[in-house]
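See below for the structure under consideration.
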Amino acid sequence: MTFIRELRDIKPSNLIWGEDDLVYLVDFGAVQNRAIKEGATFTVVGTYGYAPMEQFGGRAVAASDLYALGATLIHLLTGTTPAELPQQNLRIRFQEQVSLSPGMVSWIEKLTEPAPEQRFKTAAEALSALTSGMATSKNTASQLIRPTPVAFVNNSGQGGLFDPKVPIPEEIKGWNWGAFLIPWLWPVTNNVWVGLLALVPQIGWLVAIAIGFRGNEWAWKSKRWRSIEHFKAHQRGWAIAGILFGIPVSLGLWIGLFFLFSAAF
């Protein structure tokens with residue numbers, strides 16, 4: 001007769017945040033399926049720091065998984081594995097490293113009690129305590145592992161073209177077709193006056209490449225924009241204009257200026 005003892009190994013590396021905003025446990029079935037295939041009899045005791053003491057002695061109960069859940073939450077909240085945190089009377093000391101309501105702290109403390117009889121007996125009991133007021137806010141549970149969004153700061157128009165201290169939003173980085181295709185006009189509405197050097201025939205094509213490559217960054221630094229979407233819409237308009245009119249006009253202008261300068265010198 002062969003049997004498999006339930007695998008109890010809840011920890012951050014075994015969690016996946018799904019696209020449906022649900023958290024899934026992974027890596028459990030692979031071990032069990034291999035054991036069934038090989039006809040093995042064994043006990044998986046879990047990972048140090050996340051598994052409670054009774055689990056290492058082969059006496060895991062439902063409350064053992066709740067301990068691992070609490071240890072996982074502590075890791076996610078503090079950024080430190082439970083094994084690296086200080087302990088007092090076998091209890092993980094995490095309270096000084098988090099900013100939570102007293103109710104939520106008490107809830108996690110009960111999950112991670114060293115003695116299994118002091119913990120919640122079942123997941124349903126733990127969930128009931130969480131939703132019935134032991135944790136003071138309905139949103140607290142989702143805040144445990146959901147990153148807090150960082151507010152966008154509009155820093156456009158702050159700094160010179162070559163000021164490295166002005167951060168550029170990732171959303172606007174990239175090639176600017178409007179600046180490249182209409183380098184003699186695009187600088188006027190974007191306050192990138194260095195782009196007017198594109199009117200000089202000998203270096204015009206080099207300037208066009210330069211502002212095509214750095215145009216988004218320079219325009220963001222040189223002019224105040226209402227938002228990133230406002231900036232992107234403005235640049236899209238220039239890109240369309242460049243494709244429709246910029247190519248033939250730019251070629252004609254550069255050729256004309258080239259012959260003009262050639263005749264003059």
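How things are named: the first chain in the structure tokens is A, the next is B, and so on; residues count from 1 in each chain; ligands count from 1 in the order shown.
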Exercise for the section: Skip stretch 222-232 of chain A itself and residues of its chain fewer than 2 positions away, then list as an MDAnalysis selection string all residues within 9 Å of it, counting only C-alpha atoms. Expected result: chainID A and resid 154:161 169 171:172 190:192 216:220 234:237
Would you write out those residues with C-alpha atoms, as a CSV table (one decimal), in the first residue's frame?
```csv
chain,number,residue,atom,x,y,z
A,154,ASN,CA,4.0,65.9,-14.0
A,155,ASN,CA,7.5,67.2,-14.2
A,156,SER,CA,7.4,68.4,-17.8
A,157,GLY,CA,8.9,71.7,-18.6
A,158,GLN,CA,11.3,71.5,-15.7
A,159,GLY,CA,15.0,71.6,-16.7
A,160,GLY,CA,17.1,72.1,-19.8
A,161,LEU,CA,17.6,69.8,-22.7
A,169,PRO,CA,8.3,58.9,-18.1
A,171,GLU,CA,5.7,55.8,-21.6
A,172,ILE,CA,7.1,58.6,-23.8
A,190,ASN,CA,7.8,71.8,-28.9
A,191,ASN,CA,10.3,74.5,-27.7
A,192,VAL,CA,13.2,72.5,-28.9
A,216,ASN,CA,10.6,63.1,-26.9
A,217,GLU,CA,13.0,63.6,-24.0
A,218,TRP,CA,13.9,67.2,-25.1
A,219,ALA,CA,10.2,68.2,-25.7
A,220,TRP,CA,9.2,66.8,-22.3
A,234,HIS,CA,0.7,66.0,-29.8
A,235,GLN,CA,3.5,63.9,-31.0
A,236,ARG,CA,1.1,61.5,-32.8
A,237,GLY,CA,-0.2,64.5,-34.7
```
Exercise for the section: Enumerate, as a ChimeraX atom specification, the complete set of residues in stretch 27-236 of chain A that a backbone-based DSSP assignment places in strand (DSSP E). Expected result: /A:87-88,91-92
Could you save the residues just selected, with C-alpha atoms, as a PDB file, in the first residue's frame?
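File produced: part.pdb:
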```pdb
ATOM      1  CA  GLN A  87      11.947  35.700  17.308  1.00  0.00           C
ATOM      2  CA  GLN A  88      10.701  35.850  20.868  1.00  0.00           C
ATOM      3  CA  ARG A  91       7.049  33.923  17.738  1.00  0.00           C
ATOM      4  CA  ILE A  92       8.143  35.887  14.671  1.00  0.00           C
TER       5      ILE A  92
END
```
Exercise for the section: Please identify all polymer residues within 12 Å of stretch 113-121 of chain A, counting only C-alpha atoms, omitting same-chain residues fewer than 2 positions from it, and present them as a PyMOL selection string. Expected result: chain A and resi 49-55+59-71+87-93+106-111+123-130
Fill in the blank from the handout: Nearest to A:Trp205, restricted to only C-alpha atoms and choosing among A:Asn176, A:Ile255, A:Asp9, A:Gly57, comes out as A:Ile255
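Reported to one decimal place, the separation of atom CA of A:Pro164 from atom CA of A:Gln202 is 28.9 Å.
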Problem - Spatial neighbours of A:Thr78, max dist 9 Å, only C-alpha atoms, sep filter under 6 positions, as a list in words - result: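 Here the answer would be Phe94, Gln97 and Val98 of chain A.
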Practice task
Pick out the residues sitting within 9 Å of A:Val200, and hand them over as a list in words; count only C-alpha atoms, and ignore anything fewer than 4 positions along from it in its own chain.
Solution key: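 Counting only C-alpha atoms, the residues come to Leu196, Gly204, Trp205, Trp254, Leu257 and Phe258 of chain A.
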Exercise for the section: Please give the complete set of residues from stretch 140-255 of chain A that DSSP, run on the backbone, assigns to alpha helix (DSSP H), formatted as a VMD selection string. Expected result: chain A and resid 140 to 143 177 to 181 186 to 190 201 to 222 228 to 241 247 to 255
